[in-house]
$ cat target-v1.txt   # compact mmCIF, C-alpha atoms and all ligand atoms
# COMPACT_ATOMS: atom_id res chain seq x y z
CA MET A 200 27.32 -201.50 11.30
CA GLU A 201 24.39 -201.51 13.68
CA GLU A 202 21.87 -200.22 11.11
CA ASN A 203 22.81 -202.80 8.52
CA ARG A 204 21.54 -205.70 10.57
CA VAL A 205 18.20 -207.22 9.67
CA LYS A 206 15.75 -207.60 12.55
CA ILE A 207 13.28 -210.46 12.34
CA ALA A 208 10.39 -210.93 14.80
CA ILE A 209 9.21 -214.43 15.55
CA GLN A 210 6.77 -215.88 18.08
CA LYS A 211 8.28 -216.27 21.54
CA LYS A 212 6.29 -219.38 22.38
CA GLY A 213 3.29 -221.03 20.84
CA ARG A 214 2.30 -222.85 17.72
CA LEU A 215 4.65 -221.05 15.35
CA PHE A 216 7.75 -221.12 17.56
CA ASP A 217 9.25 -224.55 16.79
CA GLU A 218 8.80 -224.33 13.03
CA SER A 219 10.10 -220.74 12.88
CA ILE A 220 13.28 -221.79 14.70
CA ARG A 221 13.64 -224.91 12.55
CA LEU A 222 13.32 -222.86 9.36
CA LEU A 223 15.95 -220.32 10.45
CA LYS A 224 18.32 -223.11 11.50
CA GLN A 225 17.82 -224.97 8.22
CA CYS A 226 18.71 -221.73 6.43
CA GLY A 227 22.11 -222.08 8.03
CA ILE A 228 21.63 -219.34 10.61
CA LYS A 229 23.54 -220.01 13.80
CA PHE A 230 22.22 -218.57 17.05
CA ARG A 231 21.78 -219.42 20.70
CA ILE A 232 18.52 -219.19 22.65
CA ASP A 233 17.13 -220.19 25.98
CA SER A 234 13.60 -219.81 27.33
CA LYS A 235 14.25 -216.29 28.61
CA THR A 236 15.81 -214.91 25.43
CA LEU A 237 14.06 -211.79 24.14
CA MET A 238 16.57 -211.11 21.40
CA THR A 239 19.54 -212.94 19.98
CA SER A 240 22.10 -212.09 17.33
CA ALA A 241 22.97 -214.60 14.63
CA LEU A 242 26.62 -215.55 14.76
CA ASN A 243 27.15 -215.91 11.02
CA LEU A 244 24.80 -213.38 9.38
CA PRO A 245 23.91 -209.74 10.15
CA LEU A 246 20.58 -210.83 11.60
CA ASP A 247 18.94 -210.17 14.99
CA ILE A 248 16.04 -212.35 16.09
CA LEU A 249 13.38 -210.86 18.39
CA PHE A 250 11.04 -213.11 20.34
CA VAL A 251 7.60 -211.57 20.82
CA ARG A 252 3.88 -212.39 21.02
CA ASP A 253 2.49 -213.22 17.61
CA ASP A 254 -0.11 -210.43 17.90
CA ASP A 255 2.69 -207.87 17.99
CA ILE A 256 4.56 -209.11 14.91
CA PRO A 257 2.55 -207.33 12.15
CA THR A 258 2.68 -204.02 14.03
CA LEU A 259 6.42 -204.30 14.72
CA VAL A 260 7.02 -204.68 10.99
CA MET A 261 4.46 -202.05 9.96
CA ASP A 262 6.00 -199.54 12.34
CA GLY A 263 9.49 -200.32 11.11
CA VAL A 264 10.82 -201.65 14.43
CA CYS A 265 11.59 -204.92 12.61
CA ASP A 266 12.35 -205.54 8.95
CA LEU A 267 10.92 -209.06 8.84
CA GLY A 268 8.44 -211.19 10.71
CA ILE A 269 7.10 -214.72 10.70
CA VAL A 270 3.38 -214.66 11.47
CA GLY A 271 0.05 -216.27 10.57
CA GLN A 272 -1.89 -214.60 7.75
CA ASN A 273 -4.82 -214.39 10.16
CA GLU A 274 -2.88 -212.07 12.50
CA LEU A 275 -1.45 -210.06 9.63
CA LEU A 276 -4.81 -209.43 7.95
CA GLU A 277 -6.53 -208.57 11.23
CA LYS A 278 -3.87 -205.99 12.06
CA GLN A 279 -3.91 -204.59 8.52
CA LEU A 280 -7.68 -204.12 8.69
CA ASP A 281 -7.24 -202.49 12.08
CA LYS A 282 -4.63 -200.07 10.81
CA GLN A 283 -6.34 -199.45 7.48
CA SER A 284 -3.77 -196.98 6.22
CA GLY A 285 -0.96 -199.39 7.16
CA ASN A 286 -1.72 -201.82 4.34
CA SER A 287 1.05 -200.63 2.12
CA ASP A 288 3.77 -200.68 4.77
CA VAL A 289 4.23 -204.42 4.80
CA GLU A 290 4.26 -207.14 2.18
CA ILE A 291 4.17 -210.93 2.18
CA VAL A 292 7.49 -212.25 0.89
CA ASN A 293 6.62 -215.94 0.94
CA LYS A 294 4.24 -218.50 2.34
CA LEU A 295 6.09 -220.83 4.66
CA GLY A 296 4.01 -224.01 4.55
CA PHE A 297 3.43 -224.42 8.30
CA GLY A 298 0.92 -223.12 10.87
CA ARG A 299 -1.93 -224.03 8.56
CA CYS A 300 -5.37 -223.37 9.98
CA ARG A 301 -8.61 -221.63 9.11
CA LEU A 302 -10.66 -218.97 10.77
CA SER A 303 -14.17 -220.38 10.89
CA LEU A 304 -17.61 -219.63 12.11
CA ALA A 305 -18.73 -222.29 14.59
CA PHE A 306 -22.15 -222.88 16.10
CA PRO A 307 -23.15 -224.85 19.18
CA LYS A 308 -24.20 -228.30 17.99
CA LYS A 309 -27.77 -227.75 19.10
CA ARG A 310 -28.16 -224.43 17.30
CA GLU A 311 -29.64 -224.76 13.83
CA PHE A 312 -27.47 -223.85 10.85
CA LYS A 313 -28.84 -223.91 7.30
CA ASP A 314 -26.83 -221.12 5.77
CA VAL A 315 -24.98 -218.01 6.80
CA THR A 316 -28.21 -216.04 7.35
CA CYS A 317 -28.68 -218.11 10.52
CA ALA A 318 -26.02 -215.84 12.02
CA ASN A 319 -28.33 -212.81 11.71
CA ASP A 320 -29.05 -211.03 15.00
CA SER A 321 -26.68 -213.33 16.90
CA THR A 322 -23.75 -212.46 19.14
CA ILE A 323 -20.47 -213.91 17.89
CA ALA A 324 -17.38 -214.14 20.08
CA THR A 325 -13.99 -213.83 18.40
CA SER A 326 -10.40 -212.62 18.73
CA TYR A 327 -10.56 -211.43 15.11
CA PRO A 328 -13.26 -208.71 15.12
CA LYS A 329 -12.09 -206.97 11.94
CA LEU A 330 -11.91 -210.14 9.85
CA LEU A 331 -15.28 -211.23 11.21
CA GLN A 332 -16.86 -207.86 10.48
CA GLN A 333 -15.54 -207.99 6.92
CA PHE A 334 -17.02 -211.47 6.50
CA LEU A 335 -20.39 -210.39 7.93
CA ASP A 336 -20.49 -207.31 5.68
CA LYS A 337 -19.70 -209.40 2.62
CA ASN A 338 -22.56 -211.74 3.46
CA ASN A 339 -24.98 -208.98 4.45
CA ILE A 340 -25.31 -210.28 7.98
CA SER A 341 -25.97 -208.09 10.95
CA ALA A 342 -24.61 -209.57 14.15
CA LYS A 343 -23.03 -208.35 17.34
CA ILE A 344 -19.31 -209.03 17.71
CA LEU A 345 -17.95 -209.79 21.15
CA THR A 346 -14.17 -209.42 21.15
CA ILE A 347 -12.31 -211.65 23.59
CA SER A 348 -8.63 -212.40 23.45
CA GLY A 349 -8.52 -216.06 24.48
CA SER A 350 -10.63 -219.16 25.16
CA VAL A 351 -13.23 -217.97 22.70
CA GLU A 352 -14.71 -221.45 22.48
CA ILE A 353 -16.20 -221.33 25.97
CA ALA A 354 -18.23 -218.16 25.30
CA PRO A 355 -21.41 -219.99 24.14
CA LYS A 356 -21.37 -222.23 27.24
CA LEU A 357 -21.16 -219.17 29.47
CA ASN A 358 -24.07 -217.61 27.55
CA MET A 359 -21.83 -214.76 26.49
CA ALA A 360 -22.36 -215.49 22.79
CA ASP A 361 -24.51 -217.55 20.40
CA ALA A 362 -21.63 -218.54 18.15
CA ILE A 363 -17.89 -218.09 17.76
CA CYS A 364 -15.43 -217.28 15.02
CA ASP A 365 -12.10 -218.88 15.83
CA LEU A 366 -9.05 -220.67 14.44
CA VAL A 367 -9.49 -224.35 13.67
CA SER A 368 -7.01 -226.96 12.50
CA THR A 369 -8.18 -230.42 13.56
CA GLY A 370 -11.52 -229.34 15.01
CA ARG A 371 -10.83 -231.18 18.27
CA THR A 372 -11.21 -228.09 20.49
CA LEU A 373 -14.56 -227.33 18.87
CA GLU A 374 -15.70 -230.91 19.41
CA GLU A 375 -14.65 -230.76 23.07
CA ASN A 376 -16.83 -227.69 23.52
CA ASP A 377 -19.93 -229.02 21.73
CA LEU A 378 -19.38 -226.74 18.78
CA ARG A 379 -19.31 -227.45 15.06
CA GLU A 380 -17.61 -225.62 12.25
CA VAL A 381 -20.25 -224.19 9.94
CA MET A 382 -18.43 -221.86 7.56
CA PRO A 383 -14.83 -220.93 6.77
CA VAL A 384 -13.96 -217.24 6.95
CA LEU A 385 -10.26 -217.38 6.03
CA GLU A 386 -7.56 -219.96 5.18
CA SER A 387 -4.25 -219.20 6.83
CA GLU A 388 -0.64 -220.32 7.12
CA ALA A 389 2.56 -218.76 8.41
CA VAL A 390 4.11 -216.17 6.11
CA LEU A 391 7.33 -214.20 5.97
CA ILE A 392 6.46 -210.51 6.01
CA LYS A 393 8.69 -207.59 5.20
CA LYS A 394 8.70 -203.86 5.72
CA ILE A 395 8.37 -202.32 2.26
CA ASP A 396 10.88 -199.48 2.34
CA CYS A 397 14.05 -201.21 3.53
CA SER A 398 17.48 -199.89 2.56
CA VAL A 399 19.44 -201.52 -0.26
CA GLU A 400 21.81 -203.19 2.22
CA ILE A 401 18.97 -204.59 4.30
CA ASN A 402 17.16 -205.76 1.17
CA GLU A 403 20.24 -207.68 0.06
CA ILE A 404 20.32 -209.65 3.31
CA ILE A 405 16.56 -210.23 3.13
CA GLU A 406 16.88 -211.53 -0.41
CA LEU A 407 19.57 -213.99 0.62
CA LEU A 408 17.42 -215.22 3.49
CA ASP A 409 14.33 -215.45 1.29
CA LYS A 410 16.20 -217.51 -1.31
CA ARG A 411 17.44 -219.88 1.37
CA MET A 412 13.96 -220.22 2.86
CA LYS A 413 12.47 -220.99 -0.54
CA SER A 414 15.12 -223.62 -1.15
CA VAL A 415 14.49 -225.25 2.24
CA ILE A 416 10.71 -225.25 1.75
CA LYS A 417 11.03 -226.67 -1.77
CA ALA A 418 13.42 -229.38 -0.61
CA ARG A 419 11.07 -230.38 2.24
CA GLY A 420 8.39 -231.49 -0.16
CA SER A 421 10.87 -233.24 -2.45
CA LYS A 422 12.44 -236.67 -2.43
CA TYR A 423 15.30 -238.25 -4.32
CA ILE A 424 14.27 -241.63 -5.71
CA MET A 425 16.70 -244.28 -6.95
CA PHE A 426 15.88 -247.68 -8.40
CA HIS A 427 16.74 -250.26 -11.01
CA ALA A 428 14.33 -250.87 -13.88
CA PRO A 429 14.02 -252.78 -17.14
CA LYS A 430 14.62 -250.42 -20.07
CA ALA A 431 11.34 -251.57 -21.58
CA ALA A 432 9.40 -250.36 -18.54
CA LEU A 433 10.80 -246.81 -18.47
CA ASP A 434 7.85 -245.20 -20.25
CA ASP A 435 5.37 -246.72 -17.82
CA ILE A 436 7.53 -245.84 -14.85
CA GLU A 437 7.86 -242.19 -15.84
CA LYS A 438 4.09 -241.87 -15.78
CA ILE A 439 3.94 -243.16 -12.20
CA LEU A 440 6.51 -240.77 -10.73
CA PRO A 441 4.76 -237.81 -9.12
CA GLY A 442 5.81 -234.28 -10.07
CA SER A 443 9.22 -235.43 -11.23
CA GLU A 444 11.76 -233.82 -13.48
CA LYS A 445 13.45 -235.79 -16.26
CA PRO A 446 15.15 -238.80 -14.68
CA THR A 447 18.85 -239.55 -14.93
CA ILE A 448 19.31 -242.97 -16.54
CA MET A 449 22.56 -244.87 -15.96
CA THR A 450 23.80 -248.16 -17.31
CA LEU A 451 24.44 -250.99 -14.89
CA ASP A 452 27.65 -252.93 -15.14
CA GLY A 453 27.09 -256.23 -16.99
CA GLU A 454 23.39 -255.54 -17.62
CA THR A 455 21.94 -254.87 -21.06
CA ASP A 456 18.22 -254.75 -20.34
CA LYS A 457 18.30 -253.01 -16.96
CA VAL A 458 19.28 -249.47 -16.00
CA ALA A 459 19.59 -247.42 -12.83
CA VAL A 460 17.21 -244.48 -12.56
CA HIS A 461 17.67 -241.42 -10.31
CA VAL A 462 14.94 -238.81 -10.12
CA VAL A 463 13.89 -235.85 -7.97
CA SER A 464 10.22 -235.86 -7.15
CA SER A 465 8.74 -232.55 -6.07
CA GLU A 466 5.77 -234.18 -4.38
CA GLY A 467 5.51 -236.49 -1.41
CA VAL A 468 6.25 -240.09 -2.28
CA PHE A 469 3.72 -242.43 -0.77
CA TRP A 470 3.70 -246.19 -0.35
CA ASP A 471 1.23 -246.68 -3.20
CA THR A 472 3.60 -244.91 -5.61
CA LEU A 473 6.43 -247.24 -4.58
CA GLU A 474 4.17 -250.27 -4.92
CA SER A 475 3.14 -249.15 -8.42
CA LEU A 476 6.81 -248.64 -9.33
CA LYS A 477 7.56 -252.15 -8.18
CA GLN A 478 4.65 -253.56 -10.14
CA ALA A 479 5.91 -251.78 -13.24
CA GLY A 480 9.21 -253.63 -12.87
CA ALA A 481 11.36 -251.40 -10.65
CA SER A 482 13.55 -253.00 -7.99
CA SER A 483 16.00 -251.89 -5.27
CA ILE A 484 13.97 -248.74 -4.72
CA LEU A 485 15.46 -246.11 -2.41
CA VAL A 486 13.75 -242.88 -1.36
CA VAL A 487 15.88 -240.28 0.39
CA PRO A 488 15.04 -236.84 1.76
CA ILE A 489 16.61 -233.78 0.17
CA GLU A 490 18.10 -231.19 2.50
CA LYS A 491 18.62 -228.22 0.22
CA MET A 492 17.69 -227.42 -3.34
CA LEU A 493 19.03 -224.56 -5.45
CA GLU A 494 17.66 -224.05 -8.95
P1 LIG B 501 0.87 -215.50 21.68
O1 LIG B 501 1.23 -215.70 23.11
O2 LIG B 501 2.11 -215.41 20.83
O3 LIG B 501 -0.08 -214.35 21.46
P2 LIG B 501 -1.33 -217.15 20.74
O4 LIG B 501 -1.99 -217.95 21.81
O5 LIG B 501 -1.99 -215.96 20.19
O6 LIG B 501 0.18 -216.84 21.22
P3 LIG B 501 -0.94 -219.59 19.16
O7 LIG B 501 -2.09 -220.37 19.69
O8 LIG B 501 0.44 -220.04 19.50
O9 LIG B 501 -1.05 -218.03 19.46
O10 LIG B 501 -1.11 -219.54 17.58
C1 LIG B 501 -0.25 -218.81 16.77
C2 LIG B 501 -0.69 -218.94 15.34
O11 LIG B 501 -0.65 -220.31 14.94
C3 LIG B 501 -2.11 -218.51 15.02
O12 LIG B 501 -2.25 -217.11 14.88
C4 LIG B 501 -2.34 -219.24 13.70
O13 LIG B 501 -1.80 -218.51 12.62
C5 LIG B 501 -1.54 -220.54 13.86
N1 LIG B 501 -2.38 -221.73 14.12
C6 LIG B 501 -2.29 -222.91 13.47
N2 LIG B 501 -3.19 -223.79 13.90
C7 LIG B 501 -3.88 -223.21 14.86
C8 LIG B 501 -4.95 -223.62 15.72
N3 LIG B 501 -5.50 -224.81 15.64
N4 LIG B 501 -5.38 -222.75 16.64
C9 LIG B 501 -4.82 -221.54 16.76
N5 LIG B 501 -3.83 -221.10 15.96
C10 LIG B 501 -3.36 -221.89 15.02
ZN ZN B 502 -1.42 -214.20 20.00
$ encode --input "target-v1.txt" --output "structure tokens"
Amino acid sequence: MEENRVKIAIQKKGRLFDESIRLLKQCGIKFRIDSKTLMTSALNLPLDILFVRDDDIPTLVMDGVCDLGIVGQNELLEKQLDKQSGNSDVEIVNKLGFGRCRLSLAFPKKREFKDVTCANDSTIATSYPKLLQQFLDKNNISAKILTISGSVEIAPKLNMADAICDLVSTGRTLEENDLREVMPVLESEAVLIKKIDCSVEINEIIELLDKRMKSVIKARGSKYIMFHAPKAALDDIEKILPGSEKPTIMTLDGETDKVAVHVVSSEGVFWDTLESLKQAGASSILVVPIEKMLE
């Protein structure tokens, strides 16, 4: 039935596009896209995927055009503040672990910054006027907000503004424009958002998708570690393994002092961990990625 298909809005192109597609594919959803696709229907689930500008995603979900959306918290919060009454129409289902960035106040390098009061009486350019206003109010700062939709970082050079409030991840763009980050306003990452009042049928499909997403995200950070170790070293070795569950210990044919150990580690496994394992007596260490994980 037409109305029992879930509609999800994702970014058409930009920083969230690749990871959004990868996540859906890893959830086992099969679909075809090309660069002109505006909407596509999954072949193996009642799911339609809409490709839109990220700015439109919160509103599409708030207005009920879509049931789900993948969008940065920065966009979501800005649109919620803008709509005010719309706050209750949409909820965050899950954080997705990509698209991490922060909305920050940045000053030209040559402009003095001691604390946030240095922003008083300034003009600040941003694409996030509502979030900025909230931040200024909280800090009792009075400043003029200049709303521009792109290339905010050139505003000080053009003498349009004294400072900016923009998204930062590495800080390279700021550096290139002789700006420096002076204060964070908001930490953000991509989230799955959902219309609150979906039908039971729609909710069932959303729940399935959410469970799969959680399992994919959990598996991404996890590794399966296998090695051989002297029985006597097991206590020491367990202390080294990061965020691991109880290991599976197996006997090795013809060995009395050595065992094989298999363990799932929920944290990244770095070289220094492997080196410590080796020092503690482990050998033949294998680390393999985990594709899916169901509790
Ligand atoms: P659209 O055409 O969809 O409106 P856009 O230019 O507004 O695209 P992008 O630059 O692709 O958007 O960023 C999309 C989202 O990616 C941001 O809203 C933010 O949540 C996240 N993001 C992560 N790192 C950064 C960064 N360094 N700069 C900007 N956005 C970032
Ligand atoms: Zn945008």
$ residues_near_ligand --input "target-v1.txt" --ligand "ligand ZN 502 (chain B)" --cutoff "8 Å" --atoms "all atoms listed in the file" --output "PyMOL selection string"
chain A and resi 252-255+274
$ write_last_selection --input "target-v1.txt" --atoms "C-alpha atoms" --output "PDB file, keeping the file's coordinate frame"
ATOM      1  CA  ARG A 252       3.880-212.390  21.020  1.00  0.00           C
ATOM      2  CA  ASP A 253       2.490-213.220  17.610  1.00  0.00           C
ATOM      3  CA  ASP A 254      -0.110-210.430  17.900  1.00  0.00           C
ATOM      4  CA  ASP A 255       2.690-207.870  17.990  1.00  0.00           C
ATOM      5  CA  GLU A 274      -2.880-212.070  12.500  1.00  0.00           C
TER       6      GLU A 274
END
$ closest_atom_pairs --input "target-v1.txt" --of "chain A" --to "ligand LIG 501 (chain B)" --cutoff "7 Å" --atoms "only C-alpha atoms and all ligand atoms" --output "Markdown table"
| residue | atom | partner | partner_atom | distance |
| --- | --- | --- | --- | --- |
| A:Gln210 | CA | B:LIG501 | O2 | 5.4 |
| A:Lys211 | CA | B:LIG501 | O2 | 6.3 |
| A:Lys212 | CA | B:LIG501 | O2 | 6.0 |
| A:Gly213 | CA | B:LIG501 | O8 | 3.3 |
| A:Arg214 | CA | B:LIG501 | O8 | 3.8 |
| A:Leu215 | CA | B:LIG501 | O11 | 5.4 |
| A:Val251 | CA | B:LIG501 | O2 | 6.7 |
| A:Arg252 | CA | B:LIG501 | O2 | 3.5 |
| A:Asp253 | CA | B:LIG501 | O2 | 3.9 |
| A:Asp254 | CA | B:LIG501 | O3 | 5.3 |
| A:Val270 | CA | B:LIG501 | O13 | 6.6 |
| A:Gly271 | CA | B:LIG501 | O13 | 3.6 |
| A:Gln272 | CA | B:LIG501 | O13 | 6.2 |
| A:Asn273 | CA | B:LIG501 | O13 | 5.7 |
| A:Glu274 | CA | B:LIG501 | O12 | 5.6 |
| A:Gly298 | CA | B:LIG501 | C6 | 4.1 |
| A:Arg299 | CA | B:LIG501 | C6 | 5.0 |
| A:Cys300 | CA | B:LIG501 | N2 | 4.5 |
| A:Leu366 | CA | B:LIG501 | N4 | 4.8 |
| A:Val367 | CA | B:LIG501 | N3 | 4.5 |
| A:Ser368 | CA | B:LIG501 | N3 | 4.1 |
| A:Thr369 | CA | B:LIG501 | N3 | 6.6 |
| A:Ser387 | CA | B:LIG501 | O13 | 6.3 |
| A:Glu388 | CA | B:LIG501 | O13 | 5.9 |
| A:Ala389 | CA | B:LIG501 | O13 | 6.1 |
$ write_last_selection --input "target-v1.txt" --atoms "C-alpha atoms" --output "PDB file, keeping the file's coordinate frame"
ATOM      1  CA  GLN A 210       6.770-215.880  18.080  1.00  0.00           C
ATOM      2  CA  LYS A 211       8.280-216.270  21.540  1.00  0.00           C
ATOM      3  CA  LYS A 212       6.290-219.380  22.380  1.00  0.00           C
ATOM      4  CA  GLY A 213       3.290-221.030  20.840  1.00  0.00           C
ATOM      5  CA  ARG A 214       2.300-222.850  17.720  1.00  0.00           C
ATOM      6  CA  LEU A 215       4.650-221.050  15.350  1.00  0.00           C
ATOM      7  CA  VAL A 251       7.600-211.570  20.820  1.00  0.00           C
ATOM      8  CA  ARG A 252       3.880-212.390  21.020  1.00  0.00           C
ATOM      9  CA  ASP A 253       2.490-213.220  17.610  1.00  0.00           C
ATOM     10  CA  ASP A 254      -0.110-210.430  17.900  1.00  0.00           C
ATOM     11  CA  VAL A 270       3.380-214.660  11.470  1.00  0.00           C
ATOM     12  CA  GLY A 271       0.050-216.270  10.570  1.00  0.00           C
ATOM     13  CA  GLN A 272      -1.890-214.600   7.750  1.00  0.00           C
ATOM     14  CA  ASN A 273      -4.820-214.390  10.160  1.00  0.00           C
ATOM     15  CA  GLU A 274      -2.880-212.070  12.500  1.00  0.00           C
ATOM     16  CA  GLY A 298       0.920-223.120  10.870  1.00  0.00           C
ATOM     17  CA  ARG A 299      -1.930-224.030   8.560  1.00  0.00           C
ATOM     18  CA  CYS A 300      -5.370-223.370   9.980  1.00  0.00           C
ATOM     19  CA  LEU A 366      -9.050-220.670  14.440  1.00  0.00           C
ATOM     20  CA  VAL A 367      -9.490-224.350  13.670  1.00  0.00           C
ATOM     21  CA  SER A 368      -7.010-226.960  12.500  1.00  0.00           C
ATOM     22  CA  THR A 369      -8.180-230.420  13.560  1.00  0.00           C
ATOM     23  CA  SER A 387      -4.250-219.200   6.830  1.00  0.00           C
ATOM     24  CA  GLU A 388      -0.640-220.320   7.120  1.00  0.00           C
ATOM     25  CA  ALA A 389       2.560-218.760   8.410  1.00  0.00           C
TER      26      ALA A 389
END
$ residues_around --input "target-v1.txt" --residues "Glu277 (chain A)" --least-positions-apart "4" --cutoff "8 Å" --atoms "only C-alpha atoms" --output "PyMOL selection string"
chain A and resi 273+281+327-330
$ atom_distance --input "target-v1.txt" --atom1 "CA of Asp262 (chain A)" --atom2 "CA of Val384 (chain A)"
27.2 Å
$ axis_aligned_box --input "target-v1.txt" --around "region 272-285 of chain A" --padding-each-side "3 Å" --output "lines of an AutoDock Vina configuration file"
center_x = -4.3
center_y = -205.8
center_z = 9.4
size_x = 12.7
size_y = 23.6
size_z = 12.3
$ atom_distance --input "target-v1.txt" --atom1 "CA of Asp434 (chain A)" --atom2 "CA of Arg419 (chain A)"
27.1 Å
$ closest_residue --input "target-v1.txt" --among "A:Ala241, A:Ile404, A:Ala431, A:Leu345" --to "Gln332 (chain A)" --atoms "all atoms listed in the file"
A:Leu345
$ closest_residue --input "target-v1.txt" --among "A:Leu440, A:Cys317, A:Ile395, A:Ala305" --to "Val292 (chain A)" --atoms "all atoms listed in the file"
A:Ile395
$ atom_distance --input "target-v1.txt" --atom1 "CA of Val458 (chain A)" --atom2 "CA of Met425 (chain A)"
10.7 Å
$ closest_residue --input "target-v1.txt" --among "A:Asn376, A:Thr472, A:Ser482, A:Ser321" --to "Ala459 (chain A)" --atoms "all atoms listed in the file"
A:Ser482
$ residues_around --input "target-v1.txt" --residues "Ser326 (chain A)" --least-positions-apart "5" --cutoff "7 Å" --atoms "all atoms listed in the file" --output "mmCIF file with C-alpha atoms, in the frame of the given file"
data_model
loop_
_atom_site.group_PDB
_atom_site.id
_atom_site.type_symbol
_atom_site.label_atom_id
_atom_site.label_comp_id
_atom_site.auth_asym_id
_atom_site.auth_seq_id
_atom_site.Cartn_x
_atom_site.Cartn_y
_atom_site.Cartn_z
ATOM 1 C CA THR A 346 -14.170 -209.420 21.150
ATOM 2 C CA ILE A 347 -12.310 -211.650 23.590
ATOM 3 C CA SER A 348 -8.630 -212.400 23.450
ATOM 4 C CA GLY A 349 -8.520 -216.060 24.480
#
$ closest_residue --input "target-v1.txt" --among "A:Thr316, A:Thr239, A:Gln283, A:Ser483" --to "Asp336 (chain A)" --atoms "all atoms listed in the file"
A:Thr316
$ residues_around --input "target-v1.txt" --residues "Met492 (chain A)" --least-positions-apart "5" --cutoff "10 Å" --atoms "all atoms listed in the file" --output "ChimeraX atom specification"
/A:411,413-419,421
$ residues_around --input "target-v1.txt" --residues "Val468 (chain A)" --least-positions-apart "4" --cutoff "12 Å" --atoms "only C-alpha atoms" --output "list in words"
Arg419, Gly420, Ser421, Lys422, Tyr423, Ile424, Ile439, Leu440, Pro441, Gly442, Ser443, Val462, Val463, Ser464, Thr472, Leu473, Glu474, Ser475, Leu476, Ile484, Leu485, Val486, Val487 and Pro488 of chain A
$ closest_residue --input "target-v1.txt" --among "A:Ile248, A:Met449, A:Met382, A:Leu259" --to "Val315 (chain A)" --atoms "only C-alpha atoms"
A:Met382
$ closest_residue --input "target-v1.txt" --among "A:Lys445, A:Lys394, A:Lys491, A:Arg310" --to "Arg379 (chain A)" --atoms "only C-alpha atoms"
A:Arg310
$ residues_around --input "target-v1.txt" --residues "region 350-357 of chain A" --least-positions-apart "3" --cutoff "7 Å" --atoms "only C-alpha atoms" --output "list in words"
Ala324, Thr325, Ile347, Ala360, Asp361, Ala362, Ile363, Leu373 and Asn376 of chain A
$ residues_near_point --input "target-v1.txt" --point "(17.7, -209.0, 1.4)" --cutoff "12 Å" --atoms "all atoms listed in the file" --output "MDAnalysis selection string"
chainID A and resid 203:207 244:246 266:267 292 393:412
$ decode --input "target-v1.txt" --residues "region 235-244 of chain A" --atoms "N, CA, C and O atoms" --output "PDB file, in the first residue's frame"
ATOM      1  N   LYS A 235      21.067  12.305 -10.872  1.00  0.00           N
ATOM      2  CA  LYS A 235      19.860  13.116 -11.080  1.00  0.00           C
ATOM      3  C   LYS A 235      18.675  12.630 -10.242  1.00  0.00           C
ATOM      4  O   LYS A 235      17.614  13.239 -10.249  1.00  0.00           O
ATOM      5  N   THR A 236      18.859  11.524  -9.530  1.00  0.00           N
ATOM      6  CA  THR A 236      17.746  10.944  -8.781  1.00  0.00           C
ATOM      7  C   THR A 236      17.228  11.897  -7.703  1.00  0.00           C
ATOM      8  O   THR A 236      17.995  12.403  -6.896  1.00  0.00           O
ATOM      9  N   LEU A 237      15.914  12.143  -7.714  1.00  0.00           N
ATOM     10  CA  LEU A 237      15.308  12.952  -6.658  1.00  0.00           C
ATOM     11  C   LEU A 237      14.622  12.064  -5.641  1.00  0.00           C
ATOM     12  O   LEU A 237      14.479  12.412  -4.481  1.00  0.00           O
ATOM     13  N   MET A 238      14.194  10.882  -6.108  1.00  0.00           N
ATOM     14  CA  MET A 238      13.568   9.929  -5.206  1.00  0.00           C
ATOM     15  C   MET A 238      13.785   8.531  -5.759  1.00  0.00           C
ATOM     16  O   MET A 238      13.784   8.346  -6.973  1.00  0.00           O
ATOM     17  N   THR A 239      14.001   7.586  -4.862  1.00  0.00           N
ATOM     18  CA  THR A 239      14.145   6.211  -5.310  1.00  0.00           C
ATOM     19  C   THR A 239      13.430   5.293  -4.318  1.00  0.00           C
ATOM     20  O   THR A 239      13.310   5.624  -3.145  1.00  0.00           O
ATOM     21  N   SER A 240      12.928   4.180  -4.824  1.00  0.00           N
ATOM     22  CA  SER A 240      12.232   3.243  -3.941  1.00  0.00           C
ATOM     23  C   SER A 240      13.134   2.052  -3.672  1.00  0.00           C
ATOM     24  O   SER A 240      13.723   1.499  -4.600  1.00  0.00           O
ATOM     25  N   ALA A 241      13.245   1.688  -2.392  1.00  0.00           N
ATOM     26  CA  ALA A 241      14.035   0.511  -2.050  1.00  0.00           C
ATOM     27  C   ALA A 241      13.381  -0.711  -2.675  1.00  0.00           C
ATOM     28  O   ALA A 241      12.157  -0.783  -2.797  1.00  0.00           O
ATOM     29  N   LEU A 242      14.227  -1.660  -3.080  1.00  0.00           N
ATOM     30  CA  LEU A 242      13.696  -2.832  -3.774  1.00  0.00           C
ATOM     31  C   LEU A 242      13.261  -3.921  -2.799  1.00  0.00           C
ATOM     32  O   LEU A 242      12.487  -4.797  -3.149  1.00  0.00           O
ATOM     33  N   ASN A 243      13.775  -3.860  -1.565  1.00  0.00           N
ATOM     34  CA  ASN A 243      13.509  -4.967  -0.646  1.00  0.00           C
ATOM     35  C   ASN A 243      12.895  -4.546   0.687  1.00  0.00           C
ATOM     36  O   ASN A 243      12.843  -5.311   1.616  1.00  0.00           O
ATOM     37  N   LEU A 244      12.486  -3.274   0.791  1.00  0.00           N
ATOM     38  CA  LEU A 244      11.797  -2.807   2.002  1.00  0.00           C
ATOM     39  C   LEU A 244      10.801  -1.741   1.576  1.00  0.00           C
ATOM     40  O   LEU A 244      11.039  -1.058   0.574  1.00  0.00           O
TER      41      LEU A 244
END
